[in-house]
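First comes the structure, then the notes that go with it.
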Amino acid sequence: MQVEPTYTIKALDRSTWTAFAALVERNSGIFGGCWCIGFHPEGGDRAAQGEVNRERKHDRVLSGTAHAALVFDGEECVGWCQFGAPDEVPRIKNRAAYEKTRTTSPDWRIACCYVGKGHRRQGVATAALAGALDLIAALGGGTVEGYPEDAGAVPAGFLFNGALSTYEKLGFARDRKIGRHGWVMTGEAEPGPARRRNDIRGVRRQDHRRAFLEIPANLD
Ligand SMILES: CC(C)(COP(=O)(O)OP(=O)(O)OC[C@H]1O[C@@H](n2cnc3c(N)ncnc32)[C@H](O)[C@@H]1OP(=O)(O)O)[C@@H](O)C(=O)NCCC(=O)NCCS
């Protein structure tokens with residue numbers, strides 16, 4: 001009998017830091033040492049690179065000011081979808097164009113999406129975005145924005161916010177274009193308790209492996 005492999009979604013917090021850090025380290029710090037700090041207000045330290053950025057990220061995780069849905073394949077963290085309130089992750093790509101055309105502010109935004117090499121094109125990013133929406137719902141829900149680009153126009157290695165089609169699949173709508181290939185996508189996370197789930201609405205079954213949400217002890 002063939003058993004379908006599963007992904008588990010967990011929140012980034014002190015209990016999952018080690019697995020998250022292992023994924024970053026296996027992938028050379030992400031862009032030579034970004035450590036997923038680039039969207040936060042303080043940004044990355046380009047000169048000092050990895051160590052400083054690692055500490056900044058770790059401090060944020062310990063103080064609960066960094067949020068992400070992590071995707072686990074067994075014990076291994078294989079990808080993430082970072083999210084946060086706009087003031088937690090203000091440094092989005094095409095920010096000038098975004099601000100110029102902005103009329104409202106979302107409650108939440110999706111920041112960077114990342115899938116480790118060797119795990120791509122197996123639905124991990126899709127599971128991560130669905131997981132982020134579930135964690136946002138558990139944190140009170142609200143309007144959610146993301147800023148993806150078309151995977152047909154931008155190489156996957158530069159799809160920092162994931163692929164446009166992933167957002168559409170999960171119910172986001174196109175609001176406006178920013179930059180050459182970027183879109184402001186808007187969605188909604190209905191408030192509700194985190195729940196274990198064995199399906200991801202709107203995702204074609206052949207596109208992903210089943211994902212389960214592991215409810216973290218402290219979501220806030
Ligand atoms: C973009 C990225 C997140 C996609 O992750 P993934 O797990 O491979 O994505 P999925 O398997 O869930 O696929 C999502 C969609 O993207 C498309 N896609 C993914 N990789 C693609 C590629 N190389 N070429 C074309 N399309 C691609 C898939 O076809 C799918 O579209 P569909 O649903 O319309 O078929 C991944 O390639 C990545 O991490 N890139 C690096 C981004 C980065 O560096 N982020 C951090 C810096 S801030």
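Lettering and numbering for the structure tokens are positional, with chains as A, B, ... in the shown order, residues counted from 1 in each chain, and ligands counted from 1 in the shown order.
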Distance filter 7 Å around ligand 1, atoms: only C-alpha atoms and all ligand atoms, out as JSON, numbers by chain: {"A": [30, 36, 112, 113, 114, 115, 116, 119, 120, 121, 122, 123, 124, 125, 126, 127, 151, 152, 155, 156, 157, 158, 159, 160, 161, 162, 163, 165, 166, 207]}
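The space separating CA of Lys100 in chain A from CA of Leu139 in chain A comes to 29.1 Å.
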Helix (DSSP H, G or I) per DSSP on the backbone: members of range 33-123 of chain A, as a ChimeraX atom specification: /A:50-63,95-100
Surrounding residues of Gly182 in chain A excluding itself and chain neighbours under 3 positions, 12 Å, only C-alpha atoms, as a PyMOL selection string: chain A and resi 92-95+97-98+146-151+153-154+158-164+174-179+185
Contacts of Asp59 in chain A within 12 Å, only C-alpha atoms, excl. fewer than 4 positions in-chain, as number ranges by chain: A: 13-14, 17, 37, 52-55, 63-66
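Going from CA of Lys10 in chain A to CA of Arg46 in chain A covers 29.4 Å.
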Contacts of Trp108 in chain A at 10 Å (only C-alpha atoms; same-chain gap of 2+ positions) as a VMD selection string: chain A and resid 83 to 89 105 to 106 110 to 111 133 136 141 to 146 187 to 189
Straight-line distance linking CA of Pro193 in chain A with CA of Ile9 in chain A, stated in Å to one decimal: 14.7 Å
